[in-house]
Structures are given as structure tokens and as C-alpha cells.
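Colleague: Below you'll find the structure I mean.
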Number of protein chains: 2
Amino acid sequence: MARYHLGWEDERGNPSDAGGKGLRAGLCLLACEAAGGDWKIAMPAAAAVELVHSFSLVHDDIQDRDRERHHRPAVWTVWGEAQAINAGDALLALARLALAGASVPSKTLVRAGRCLDEATLEMVEGQVLDLEFENCDYVSVDEYLDMVGRKTGALFACSLSLGAIVAGAGDQRVGQFDRLGRRLGVAFQVRDDVLGIWGEAEKTGKPAGADLQRRKKSLPVLVALGGSAGEFVREAYGAPEDVPVELVVAAMERGGVGDECRRIGEGMRREGLELIAAMDLRNDAGRELAEAVGFLLERDY
Amino acid sequence: MARYHLGWEDERGNPSDAGGKGLRAGLCLLACEAAGGDWKIAMPAAAAVELVHSFSLVHDDIQDRDRERHHRPAVWTVWGEAQAINAGDALLALARLALAGASVPSKTLVRAGRCLDEATLEMVEGQVLDLEFENCDYVSVDEYLDMVGRKTGALFACSLSLGAIVAGAGDQRVGQFDRLGRRLGVAFQVRDDVLGIWGEAEKTGKPAGADLQRRKKSLPVLVALGGSAGEFVREAYGAPEDVPVELVVAAMERGGVGDECRRIGEGMRREGLELIAAMDLRNDAGRELAEAVGFLLERDY
């Protein structure tokens with residue numbers, strides 16, 4: 001199940017090549033080099049963050065009843081819910097074991113392990129909040145951003161921090177990577193939310209308006225609920241039958257929701273770029289990291 | 001949810017006193033003293049094994065559709081499946097963070113962490129096998145004992161090993177505690193299986209024959225399937241309607257299943273006592289541990 005989820009095998013155990021982007025792993029390796037380490041020593045840490053991310057996806061799909069993941073049936077769709085819970089649990093244990101393989105001093109390994117465990121716990125707290133929000137009539141944009149900071153931001157922060165930690169960086173430097181990663185993670189999710197409504201299906205891999213169809217409380221919906229499109233969206237979300245997605249999107253656009261979301265995204269982008277500029281990373285990896293951050297914060301808006 | 005499961009609070013967050021036995025924690029503390037350490041340094045490790053145990057119970061209850069745990073509604077019964085998955089995940093992250101609080105050298109902490117992670121992974125593998133067995137027509141007693149070794153034995157082994165590790169014991173000594181714990185865990189589960197059919201409801205807290213009612217492939221059933229009561233039990237388990245539990249138990253008794261199970265249990269008891277005798281633990285805690293092991297292996301047969 002773990003190999004299937006990671007894209008290395010198909011349902012029957014035959015070799016497959018359907019792996020994810022490895023975004024968090026890439027950030028971890030770049031952070032290690034940017035902090036003055038050799039990226040190779042960060043490989044176990046990079047594997048660990050990818051495995052924690054994988055664990056969360058396997059469990060999220062069960063919780064959200066998402067039958068597909070990366071254009072393939074989700075683990076629970078193939079093996080059932082009960083075994084998929086085990087698959088996620090195993091991935092989390094494997095993440096810790098992956099990290100334990102790092103060739104760094106024990107003291108560094110303990111520090112890295114604590115960073116990974118704290119991020120894992122915070123990520124789970126974020127998922128608890130996300131599920132709670134589904135049953136709330138009203139969620140403020142700030143509450144939403146706090147939730148996303150936990151659910152997505154914590155592991156992005158950990159990906160960068162772990163790279164810096166295994167490179168032997170001091171607390172202050174690690175703190176900078178942590179803040180950058182958190183900002184990046186939130187911005188990444190905000191972008192995802194915007195694309196979930198205004199994205200092109202071909203690029204995002206999910207049908208336009210899918211989040212609205214599922215009545216998810218994504219950022220644009222929360223922004224809409226607080227503005228002039230609020231009443232229409234509230235009624236659409238409360239209606240026993242589905243209101244056509246196009247009507248909801250049109251009401252949001254009349255209410256300037258898209259613009260407001262892009263404004264929030266733009267603010268984060270600026271903050272992220274300021275954070276990385278202030279870090280004054282002068283080596284090649286630092287420049288690559290700044291470029292990657294810029295790319296992630298800008299893409300597809 | 002975590003505090004509720006641990007018995008510290010009721011569903012509404014009011015204080016409650018419904019904690020578990022803390023068996024694994026107790027074994028961890030005893031092992032630490034028996035290995036020459038001060039039990040107090042093993043407290044974080046003892047908390048960690050209890051939290052890993054708790055995580056597994058929260059997820060097991062979802063997987064097995066058990067609505068009750070320790071005479072209270074299971075976490076998923078109160079908060080739903082999706083949030084209960086999160087509760088289990090959080091307990092696992094908390095287990096690792098608890099261990100990280102141990103005041104021991106970093107090298108020892110890394111060793112302890114690896115022990116906990118390996119036990120966690122093995123336990124999950126055991127649960128995967130246990131669920132797979134439900135869909136198998138035939139499972140041998142050996143396959144069953146291997147599954148139990150993982151599902152129950154690994155964490156018992158880890159409880160004792162962790163105590164010895166934080167006490168600073170060498171690999172050979174830790175290996176002895178590991179083997180003793182594994183034997184103990186399997187024996188404990190075999191006892192549970194026997195009590196699941198022949199136990200008194202008042203003592204075990206679950207109705208006699210409950211395992212049969214749920215058509216679980218517990219040890220007595222596997223022993224029965226391989227013997228003269230096999231055909232009857234196979235038909236009862238395959239029947240669309242429930243066959244009265246008393247009839248199945250009677251068939252098992254005619255086939256000598258109870259005696260065979262007690263024989264298996266007795267073999268383990270002897271092995272466990274031999275293992276602990278060979279360890280030659282001469283301090284008070286060693287004697288207490290031997291007593292506890294004897295008690296656990298004998299009780300209620």
C-alpha cells in the first residue's frame with residue numbers, strides 16, 4: 001500500500017512511475033545547501049518529510065472521501081478504509097525511521113526528530129480544525145489562515161528547518177527557514193484554493209469549481225461569506241440540492257471575491273520574498289531556493 | 001479526543017478517572033529498575049509506549065467497528081471516524097514527543113527512538129495481517145502467532161527494551177528484555193483469545209463468546225478449524241445467519257480445542273519464565289518484574 005501510494009507500484013505490485021513532485025523533499029535539500037551543508041546529508045530528512053506528507057494524504061483521502069489521488073484510485077478506494085488507516089500509520093512510522101538514518105551527530109538527530117514530531121502534531125491539529133470547519137456556519141479568514149498554517153504551513157516549515165538543522169545551522173538561522181517555510185506553505189494553500197475555483201482543469205488536474213461542488217469552506221468561500229456575495233453563497237451551501245457552480249462563481253465575481261483572494265495571496269508573496277531577501281543567502285543553493293520560492297508563490301495566479 | 005481516550009476527561013471535557021491499567025508503562029519502569037536504572041528516568045519512555053498503545057486502540061476501534069472501549073463509547077463513536085483517525089495520529093506524534101523529554105544522553109535517545117519506531121511499524125504490520133486474516137478461509141496457528149508477535153508482542157518487547165535502554169543497558173541485555181517482552185505479549189494475547197470464549201463476562205468485561213459472535217479468527221477458532229471440530233466451525237462461520245454461540249463452543253469443547261489452547265498458553269508461560277530466570281535479575285525490581293510476568297502469564301486460565 002505504501003509503495004502504491006508513493007507511486008512506485010500499481011495495485012498489483014508491478015513497477016510504476018507515478019511519484020509526486022517531491023516538493024517538500026526538494027525544499028529540504030535546497031535549505032540544507034543554502035545553510036551551508038552538503039545536500040546529500042539531508043536525504044534522510046527529505047525522505048522523512050515526504051513520508052509524513054504521504055501519511056497525511058492517505059488519511060486525508062479517507063476523511064474527505066476523495067476516491068482519487070494524482071489521477072489514480074486513492075489507497076482506501078483500492079484496499080478499503082481499515083487497511084488504508086494502517087497504510088498511513090506505517091508511512092508515519094517509516095518517516096521517523098527514515099530520519100533516523102541520517103549521518104549526523106546524535107544531538108542533531110534529536111533536534112531534527114523533535115522538529116519533525118512537532119510539525120506532525122501541528123499538521124494533525126490543522127486537519128482537526130479543517131474537519132471542524134465543515135460543521136461551522138461561520139469561519140473567519142483569520143481562523144482559516146491559522147488552520148492552513150498548521151495543516152500545510154507546519155510541514156513546509158519543517159521541510160526547510162530540517163535541511164538547516166542537518167546542515168548544523170544555529171537556532172536563529174533555523175528560525176528564519178521555519179518562518180519562510182510557514183509563509184510559503186500558507187501561500188501555497190491559498191493559491192490552491194484560488195485555483196480550486198478559477199484554475200484551468202487541464203493544469204490543476206481537477207474540474208473547475210470542484211471545491212464548490214463539494215461545498216468546501218475554502219478561502220474564496222470564506223471571503224465571499226463576509227462580503228456582498230455572502231447571502232447567495234450561504235444559501236447555495238445550505239440548499240438541499242446543488243446550485244449550479246457557475247452561478248456561485250458568478251456571484252463571487254460580482255462580489256469581487258477573486259480580487260480579494262488574489263490580494264491576500266499577493267500580500268503573502270511579498271512577505272515570503274521579503275523573508276528570503278532578509279536571510280541574505282549568497283551561495284548557489286540560496287539563489288535557487290529564492291527562485292523556487294518565487295516560482296511557488298507566483299505560479300498560475 | 002486524546003484526553004478522553006486516555007480516560008482523563010469525559011466527552012464534554014469534564015475531569016474523569018477512567019484510565020487504563022498502564023500495563024506497558026509499568027513494565028517499562030520495572031525493566032528500567034531491573035536493568036539498574038532509576039525508574040524515574042524511564043517515565044517519558046513509559047508515557048511513550050502507553051501513547052503508542054493508545055494510538056493503536058483508537059485506530060483499531062475504527063477498523064473493527066468496536067463501538068465501546070473500556071465500558072465507554074469509543075472515540076470514533078463520539079466524534080466520528082474522520083476525527084478519530086486524527087486523534088490516533090496525534091497520539092502517535094505525542095508518543096514521540098513524550099520520549100523526546102527523557103533526560104538521557106542524545107545517543108541513548110536516538111537508540112530509544114529507533115526502538116519505538118520499529119515497534120510501531122511492526123505493530124501496524126500485525127494489524128494489517130490481522131485484518132487480512134478476516135478475509136482468509138484458512139490461517140495456520142503459526143501464521144496467527146506471527147501476526148500476534150507483531151500486533152501485540154512488538155510493543156510489549158519495546159516496553160521492556162526501552163526501560164533497559166534508558167537505564168543504559170548493553171545490546172545483549174536489551175535483547176533479553178526484548179525477547180521476554182515479545183513472549184509475554186504473545187502469551188497475553190493467547191490468554192485474551194481463550195478468555196474471549198471461555199472467560200467469565202464479569203471478569204473480562206465482554207460477553208462470553210463475543211469473539212465467536214463477531215466471527216473473529218482468534219486462536220481457539222484456528223485450532224478448531226484444524227481439528228475434529230473444524231467442519232462445524234467452518235460452516236458456522238460461513239453461514240449467512242448466526243449459529244448460536246453455545247453450539248459452536250460445545251463443538252469446540254468436544255474437539256478438545258480448549259485443552260489445546262491451554263497447552264499452547266502453558267508452553268509460552270514456561271518459555272517466558274525460563275527467559276526471565278535466565279536473565280538472573282537479582283535486585284528488587286527484577287524480582288517484582290519476574291512476579292509480574294508470572295502473574296500475567298498465569299492469570300485467569
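Residues in the C-alpha cells are numbered from 1 in each chain, the chains being A, B, ... in the order shown, and ligands are numbered from 1 in the order shown.
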Please identify all residues of chain B having at least one atom at most 6 Å from any atom of chain A, considering only C-alpha atoms, and return them as a PDB file with N, CA and C atoms, in the first residue's frame.
Modeller:
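Saved to selection05.pdb:
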ATOM      1  N   GLN B  63     -11.342   0.475  12.837  1.00  0.00           N
ATOM      2  CA  GLN B  63     -11.186  -0.612  11.871  1.00  0.00           C
ATOM      3  C   GLN B  63     -12.083  -1.800  12.192  1.00  0.00           C
ATOM      4  N   ALA B  82     -13.650  10.228  10.982  1.00  0.00           N
ATOM      5  CA  ALA B  82     -12.610  11.107  10.431  1.00  0.00           C
ATOM      6  C   ALA B  82     -11.796  11.744  11.556  1.00  0.00           C
ATOM      7  N   ALA B  90      -2.533  11.949  16.257  1.00  0.00           N
ATOM      8  CA  ALA B  90      -1.971  12.881  17.235  1.00  0.00           C
ATOM      9  C   ALA B  90      -1.315  12.113  18.392  1.00  0.00           C
ATOM     10  N   ALA B  93       2.102  11.013  17.353  1.00  0.00           N
ATOM     11  CA  ALA B  93       3.076  12.118  17.373  1.00  0.00           C
ATOM     12  C   ALA B  93       3.420  12.480  18.824  1.00  0.00           C
ATOM     13  N   SER B 106      21.932  12.072  24.252  1.00  0.00           N
ATOM     14  CA  SER B 106      21.332  12.062  22.911  1.00  0.00           C
ATOM     15  C   SER B 106      21.472  10.695  22.236  1.00  0.00           C
ATOM     16  N   LYS B 107      22.624  10.075  22.420  1.00  0.00           N
ATOM     17  CA  LYS B 107      22.852   8.776  21.781  1.00  0.00           C
ATOM     18  C   LYS B 107      21.834   7.754  22.274  1.00  0.00           C
ATOM     19  N   ASP B 117      10.062   3.375  17.120  1.00  0.00           N
ATOM     20  CA  ASP B 117       9.570   3.452  15.742  1.00  0.00           C
ATOM     21  C   ASP B 117       9.479   2.068  15.104  1.00  0.00           C
ATOM     22  N   LEU B 121       6.039   0.339  13.746  1.00  0.00           N
ATOM     23  CA  LEU B 121       5.866  -0.184  12.389  1.00  0.00           C
ATOM     24  C   LEU B 121       5.462  -1.654  12.420  1.00  0.00           C
TER      25      LEU B 121
END
Colleague: Running DSSP on the backbone, which parts of region 67-191 of chain A land in strand (DSSP E), as a PyMOL selection string?
Modeller: chain A and resi 68-69+72-73
Colleague: Keeping only C-alpha atoms, take the residues you just selected and write them out as a PDB file, in the first residue's frame.
Modeller:
ATOM      1  CA  GLU A  68      -8.832   9.684  -6.412  1.00  0.00           C
ATOM      2  CA  ARG A  69      -5.317  10.989  -5.775  1.00  0.00           C
ATOM      3  CA  ARG A  72      -5.196   7.078  -9.573  1.00  0.00           C
ATOM      4  CA  PRO A  73      -7.619   5.459  -7.103  1.00  0.00           C
TER       5      PRO A  73
END
Colleague: DSSP on the backbone: what in region 28-193 of chain A comes out alpha helix (DSSP H), as number ranges by chain?
Modeller: A: 28-34, 43-64, 75-79, 81-100, 106-133, 141-148, 154-166, 171-193
Colleague: Just C-alpha atoms for this one: save the residues we selected as a short mmCIF file (atom, residue, chain, number, x, y, z; two decimals), in the first residue's frame.
Modeller:
data_model
loop_
_atom_site.label_atom_id
_atom_site.label_comp_id
_atom_site.auth_asym_id
_atom_site.auth_seq_id
_atom_site.Cartn_x
_atom_site.Cartn_y
_atom_site.Cartn_z
CA CYS A 28 14.64 20.34 2.36
CA LEU A 29 17.68 19.59 0.19
CA LEU A 30 17.91 23.18 -1.05
CA ALA A 31 17.64 24.51 2.50
CA CYS A 32 20.46 22.23 3.59
CA GLU A 33 22.78 23.55 0.89
CA ALA A 34 21.63 27.13 1.39
CA MET A 43 18.44 12.94 2.00
CA PRO A 44 17.05 11.03 5.03
CA ALA A 45 15.37 14.21 6.27
CA ALA A 46 13.95 14.89 2.80
CA ALA A 47 12.58 11.34 2.69
CA ALA A 48 11.09 11.84 6.14
CA VAL A 49 9.12 14.97 5.22
CA GLU A 50 7.83 13.31 2.05
CA LEU A 51 6.73 10.29 4.09
CA VAL A 52 4.95 12.48 6.66
CA HIS A 53 3.25 14.27 3.75
CA SER A 54 2.28 10.87 2.27
CA PHE A 55 0.88 9.67 5.60
CA SER A 56 -1.31 12.76 5.77
CA LEU A 57 -2.60 12.35 2.22
CA VAL A 58 -3.56 8.71 2.76
CA HIS A 59 -5.55 9.62 5.88
CA ASP A 60 -6.97 12.84 4.35
CA ASP A 61 -8.40 10.91 1.41
CA ILE A 62 -10.27 8.60 3.79
CA GLN A 63 -11.53 11.54 5.83
CA ASP A 64 -12.58 13.64 2.84
CA VAL A 75 -5.37 3.81 -1.22
CA TRP A 76 -8.70 3.43 0.59
CA THR A 77 -10.53 3.04 -2.72
CA VAL A 78 -8.33 0.04 -3.55
CA TRP A 79 -7.80 -1.62 -0.15
CA GLU A 81 -10.69 2.20 4.75
CA ALA A 82 -9.40 -0.04 7.52
CA GLN A 83 -6.23 -1.06 5.67
CA ALA A 84 -5.71 2.50 4.41
CA ILE A 85 -5.62 3.69 8.03
CA ASN A 86 -2.81 1.17 8.56
CA ALA A 87 -1.01 2.35 5.42
CA GLY A 88 -0.97 5.92 6.74
CA ASP A 89 0.18 4.79 10.18
CA ALA A 90 3.00 2.77 8.62
CA LEU A 91 4.11 5.75 6.49
CA LEU A 92 4.38 7.87 9.63
CA ALA A 93 6.49 5.25 11.42
CA LEU A 94 8.62 4.92 8.26
CA ALA A 95 9.14 8.68 8.21
CA ARG A 96 10.72 8.55 11.65
CA LEU A 97 12.84 5.56 10.70
CA ALA A 98 13.98 7.35 7.53
CA LEU A 99 15.14 10.34 9.54
CA ALA A 100 16.99 8.03 11.95
CA SER A 106 23.05 12.25 17.81
CA LYS A 107 22.36 15.70 19.22
CA THR A 108 21.44 16.97 15.74
CA LEU A 109 19.28 13.92 15.13
CA VAL A 110 17.35 14.50 18.37
CA ARG A 111 16.78 18.13 17.37
CA ALA A 112 15.65 17.10 13.89
CA GLY A 113 13.33 14.44 15.31
CA ARG A 114 11.66 16.89 17.63
CA CYS A 115 11.15 19.29 14.72
CA LEU A 116 9.50 16.53 12.66
CA ASP A 117 7.28 15.36 15.53
CA GLU A 118 6.12 18.88 16.37
CA ALA A 119 5.30 19.55 12.72
CA THR A 120 3.40 16.25 12.51
CA LEU A 121 1.34 17.08 15.58
CA GLU A 122 0.61 20.58 14.32
CA MET A 123 -0.40 19.21 10.93
CA VAL A 124 -2.85 16.83 12.57
CA GLU A 125 -4.26 19.72 14.62
CA GLY A 126 -4.76 21.59 11.35
CA GLN A 127 -6.66 18.66 9.91
CA VAL A 128 -8.83 18.51 13.06
CA LEU A 129 -9.71 22.19 12.56
CA ASP A 130 -10.32 21.74 8.83
CA LEU A 131 -12.85 18.98 9.51
CA GLU A 132 -14.45 21.00 12.31
CA PHE A 133 -14.90 23.95 9.94
CA VAL A 141 -10.44 34.40 7.25
CA ASP A 142 -8.05 34.61 10.20
CA GLU A 143 -9.27 31.31 11.64
CA TYR A 144 -8.86 29.82 8.21
CA LEU A 145 -5.31 31.11 7.82
CA ASP A 146 -4.42 29.74 11.28
CA MET A 147 -5.78 26.33 10.25
CA VAL A 148 -3.82 26.37 6.99
CA ALA A 154 3.90 23.39 9.57
CA LEU A 155 5.31 20.72 7.26
CA PHE A 156 6.67 23.27 4.76
CA ALA A 157 8.34 25.00 7.71
CA CYS A 158 9.70 21.65 8.89
CA SER A 159 10.99 20.78 5.40
CA LEU A 160 13.15 23.89 5.33
CA SER A 161 14.09 23.77 9.02
CA LEU A 162 15.19 20.14 8.85
CA GLY A 163 17.50 20.96 5.96
CA ALA A 164 19.07 23.73 8.01
CA ILE A 165 19.23 21.57 11.15
CA VAL A 166 21.11 18.70 9.49
CA ASP A 171 18.70 28.36 16.22
CA GLN A 172 18.35 31.81 14.70
CA ARG A 173 19.06 30.61 11.18
CA VAL A 174 16.73 27.61 11.62
CA GLY A 175 14.05 30.04 12.84
CA GLN A 176 14.35 32.03 9.62
CA PHE A 177 13.89 28.91 7.50
CA ASP A 178 10.95 27.95 9.68
CA ARG A 179 9.16 31.28 9.16
CA LEU A 180 9.88 31.26 5.44
CA GLY A 181 8.51 27.73 5.09
CA ARG A 182 5.37 28.54 7.04
CA ARG A 183 4.64 31.61 4.90
CA LEU A 184 5.33 29.56 1.79
CA GLY A 185 3.01 26.75 2.89
CA VAL A 186 0.12 29.10 3.61
CA ALA A 187 0.65 30.95 0.33
CA PHE A 188 0.77 27.61 -1.48
CA GLN A 189 -2.58 26.60 0.01
CA VAL A 190 -4.17 29.97 -0.73
CA ARG A 191 -3.06 29.55 -4.34
CA ASP A 192 -4.55 26.03 -4.36
CA ASP A 193 -7.83 27.39 -3.05
#
Colleague: Record the distance separating CA of Asp38 (chain B) and CA of Ala25 (chain B), expressed in Å with one decimal.
Modeller: 14.4 Å
Colleague: Quick one: residues within 12 Å of Ala250 (chain A), only C-alpha atoms, excluding same-chain residues fewer than 3 positions away - as a list in words?
Modeller: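 Surrounding residues, per the criterion: Ile197, Trp198, Gly209, Ala224, Ala229, Phe232, Val233, Val243, Pro244, Val245, Glu246, Leu247, Glu253, Arg254, Gly255, Gly256, Val257 and Gly258 of chain A.
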Colleague: Write a file of the selected residues as an mmCIF file, in the first residue's frame, keeping N, CA and C atoms.
Modeller:
data_model
loop_
_atom_site.group_PDB
_atom_site.id
_atom_site.type_symbol
_atom_site.label_atom_id
_atom_site.label_comp_id
_atom_site.auth_asym_id
_atom_site.auth_seq_id
_atom_site.Cartn_x
_atom_site.Cartn_y
_atom_site.Cartn_z
ATOM 1 N N ILE A 197 -11.125 27.098 -7.709
ATOM 2 C CA ILE A 197 -12.339 27.716 -8.266
ATOM 3 C C ILE A 197 -12.078 28.327 -9.637
ATOM 4 N N TRP A 198 -10.915 29.051 -9.777
ATOM 5 C CA TRP A 198 -10.660 29.733 -11.040
ATOM 6 C C TRP A 198 -9.577 29.072 -11.886
ATOM 7 N N GLY A 209 -14.223 24.479 -10.167
ATOM 8 C CA GLY A 209 -15.385 24.548 -9.291
ATOM 9 C C GLY A 209 -15.608 23.304 -8.445
ATOM 10 N N ALA A 224 -16.153 35.325 0.411
ATOM 11 C CA ALA A 224 -17.482 35.613 -0.130
ATOM 12 C C ALA A 224 -18.506 35.753 0.996
ATOM 13 N N ALA A 229 -21.423 38.959 -1.696
ATOM 14 C CA ALA A 229 -21.901 37.707 -2.291
ATOM 15 C C ALA A 229 -22.312 36.714 -1.200
ATOM 16 N N PHE A 232 -25.880 34.913 -1.080
ATOM 17 C CA PHE A 232 -26.090 33.947 -2.164
ATOM 18 C C PHE A 232 -25.310 32.659 -1.889
ATOM 19 N N VAL A 233 -24.037 32.805 -1.489
ATOM 20 C CA VAL A 233 -23.193 31.625 -1.244
ATOM 21 C C VAL A 233 -23.722 30.835 -0.044
ATOM 22 N N VAL A 243 -26.726 23.881 -6.249
ATOM 23 C CA VAL A 243 -26.891 25.082 -7.063
ATOM 24 C C VAL A 243 -25.774 25.035 -8.113
ATOM 25 N N PRO A 244 -26.085 25.287 -9.407
ATOM 26 C CA PRO A 244 -25.031 25.213 -10.436
ATOM 27 C C PRO A 244 -23.810 26.037 -10.050
ATOM 28 N N VAL A 245 -22.655 25.402 -10.169
ATOM 29 C CA VAL A 245 -21.390 26.015 -9.779
ATOM 30 C C VAL A 245 -21.179 27.369 -10.460
ATOM 31 N N GLU A 246 -21.577 27.461 -11.735
ATOM 32 C CA GLU A 246 -21.345 28.708 -12.489
ATOM 33 C C GLU A 246 -22.053 29.885 -11.817
ATOM 34 N N LEU A 247 -23.247 29.611 -11.259
ATOM 35 C CA LEU A 247 -23.988 30.690 -10.599
ATOM 36 C C LEU A 247 -23.246 31.181 -9.359
ATOM 37 N N GLU A 253 -17.746 36.546 -8.315
ATOM 38 C CA GLU A 253 -17.042 37.527 -9.132
ATOM 39 C C GLU A 253 -17.687 38.905 -9.021
ATOM 40 N N ARG A 254 -19.011 38.920 -9.020
ATOM 41 C CA ARG A 254 -19.702 40.209 -8.821
ATOM 42 C C ARG A 254 -19.291 40.827 -7.494
ATOM 43 N N GLY A 255 -19.083 39.972 -6.485
ATOM 44 C CA GLY A 255 -18.718 40.464 -5.152
ATOM 45 C C GLY A 255 -17.229 40.769 -5.011
ATOM 46 N N GLY A 256 -16.452 40.609 -6.076
ATOM 47 C CA GLY A 256 -15.022 40.933 -6.022
ATOM 48 C C GLY A 256 -14.204 39.938 -5.198
ATOM 49 N N VAL A 257 -14.703 38.717 -5.084
ATOM 50 C CA VAL A 257 -14.029 37.727 -4.236
ATOM 51 C C VAL A 257 -12.670 37.324 -4.804
ATOM 52 N N GLY A 258 -12.644 37.098 -6.111
ATOM 53 C CA GLY A 258 -11.385 36.708 -6.746
ATOM 54 C C GLY A 258 -10.298 37.742 -6.483
#
Colleague: If you measure from CA of Val194 (chain B) to CA of Leu275 (chain B), what distance in Å do you get, rounded to one decimal?
Modeller: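 Here the two named atoms are 23.2 Å from each other.
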Colleague: Excluding Leu225 (chain B) and any residue of its chain fewer than 5 positions from it, enumerate the residues within 12 Å of it, using only C-alpha atoms, and give them as a PyMOL selection string.
Modeller: chain B and resi 137-141+217-220+230-237+248+251-252+255-257
Colleague: Export N, CA and C atoms of the chosen residues as an mmCIF file, in the first residue's frame?
Modeller:
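Dumped to out-v3.cif:
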data_model
loop_
_atom_site.group_PDB
_atom_site.id
_atom_site.type_symbol
_atom_site.label_atom_id
_atom_site.label_comp_id
_atom_site.auth_asym_id
_atom_site.auth_seq_id
_atom_site.Cartn_x
_atom_site.Cartn_y
_atom_site.Cartn_z
ATOM 1 N N ASP B 137 -9.793 -17.931 4.131
ATOM 2 C CA ASP B 137 -10.513 -19.131 4.556
ATOM 3 C C ASP B 137 -9.715 -19.890 5.603
ATOM 4 N N TYR B 138 -8.396 -19.919 5.403
ATOM 5 C CA TYR B 138 -7.572 -20.699 6.307
ATOM 6 C C TYR B 138 -6.369 -19.890 6.782
ATOM 7 N N VAL B 139 -6.136 -19.898 8.085
ATOM 8 C CA VAL B 139 -4.945 -19.288 8.679
ATOM 9 C C VAL B 139 -4.357 -20.322 9.626
ATOM 10 N N SER B 140 -3.065 -20.607 9.492
ATOM 11 C CA SER B 140 -2.465 -21.609 10.378
ATOM 12 C C SER B 140 -2.174 -20.985 11.741
ATOM 13 N N VAL B 141 -2.012 -21.855 12.736
ATOM 14 C CA VAL B 141 -1.684 -21.367 14.082
ATOM 15 C C VAL B 141 -0.350 -20.613 14.057
ATOM 16 N N LYS B 217 -11.258 -14.607 13.841
ATOM 17 C CA LYS B 217 -10.382 -15.782 13.728
ATOM 18 C C LYS B 217 -9.376 -15.739 14.867
ATOM 19 N N SER B 218 -9.877 -15.936 16.085
ATOM 20 C CA SER B 218 -8.978 -15.973 17.234
ATOM 21 C C SER B 218 -8.370 -17.366 17.339
ATOM 22 N N LEU B 219 -7.380 -17.508 18.221
ATOM 23 C CA LEU B 219 -6.644 -18.768 18.297
ATOM 24 C C LEU B 219 -7.550 -19.998 18.443
ATOM 25 N N PRO B 220 -8.517 -19.996 19.360
ATOM 26 C CA PRO B 220 -9.348 -21.199 19.502
ATOM 27 C C PRO B 220 -10.046 -21.586 18.197
ATOM 28 N N GLY B 230 -13.477 -28.825 13.166
ATOM 29 C CA GLY B 230 -13.257 -27.902 12.055
ATOM 30 C C GLY B 230 -14.457 -27.678 11.164
ATOM 31 N N GLU B 231 -15.064 -28.780 10.736
ATOM 32 C CA GLU B 231 -16.143 -28.649 9.778
ATOM 33 C C GLU B 231 -17.301 -27.846 10.354
ATOM 34 N N PHE B 232 -17.644 -28.146 11.603
ATOM 35 C CA PHE B 232 -18.767 -27.438 12.227
ATOM 36 C C PHE B 232 -18.483 -25.934 12.318
ATOM 37 N N VAL B 233 -17.263 -25.585 12.790
ATOM 38 C CA VAL B 233 -16.922 -24.169 12.953
ATOM 39 C C VAL B 233 -16.867 -23.473 11.595
ATOM 40 N N ARG B 234 -16.303 -24.163 10.596
ATOM 41 C CA ARG B 234 -16.222 -23.586 9.250
ATOM 42 C C ARG B 234 -17.620 -23.256 8.743
ATOM 43 N N GLU B 235 -18.541 -24.214 8.921
ATOM 44 C CA GLU B 235 -19.912 -23.985 8.450
ATOM 45 C C GLU B 235 -20.594 -22.857 9.229
ATOM 46 N N ALA B 236 -20.375 -22.837 10.553
ATOM 47 C CA ALA B 236 -20.987 -21.785 11.382
ATOM 48 C C ALA B 236 -20.471 -20.410 10.960
ATOM 49 N N TYR B 237 -19.142 -20.316 10.679
ATOM 50 C CA TYR B 237 -18.566 -19.034 10.287
ATOM 51 C C TYR B 237 -18.993 -18.642 8.872
ATOM 52 N N VAL B 248 -21.412 -23.573 18.934
ATOM 53 C CA VAL B 248 -20.031 -23.527 18.446
ATOM 54 C C VAL B 248 -19.074 -23.890 19.581
ATOM 55 N N ALA B 251 -19.129 -27.590 20.240
ATOM 56 C CA ALA B 251 -18.381 -28.337 19.220
ATOM 57 C C ALA B 251 -16.884 -28.232 19.494
ATOM 58 N N MET B 252 -16.455 -27.018 19.877
ATOM 59 C CA MET B 252 -15.040 -26.821 20.186
ATOM 60 C C MET B 252 -14.619 -27.678 21.368
ATOM 61 N N GLY B 255 -14.159 -31.153 20.516
ATOM 62 C CA GLY B 255 -12.931 -31.333 19.728
ATOM 63 C C GLY B 255 -11.664 -31.074 20.527
ATOM 64 N N GLY B 256 -11.795 -30.805 21.815
ATOM 65 C CA GLY B 256 -10.608 -30.596 22.660
ATOM 66 C C GLY B 256 -9.875 -29.296 22.377
ATOM 67 N N VAL B 257 -10.595 -28.311 21.847
ATOM 68 C CA VAL B 257 -9.942 -27.054 21.455
ATOM 69 C C VAL B 257 -9.431 -26.274 22.668
#
Colleague: Using Å and a single decimal, report how far CA of Asn135 (chain B) sits from CA of Gly226 (chain B).
Modeller: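 For CA of Gly226 (chain B) relative to CA of Asn135 (chain B), the distance reads 17.3 Å.
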Colleague: Using only C-alpha atoms, which of B:Leu195, B:Leu27, B:Ala277, B:Ala74 sits nearest Ala210 (chain B)?
Modeller: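 Using only C-alpha atoms, the shortest distance to Ala210 (chain B) belongs to B:Leu195.
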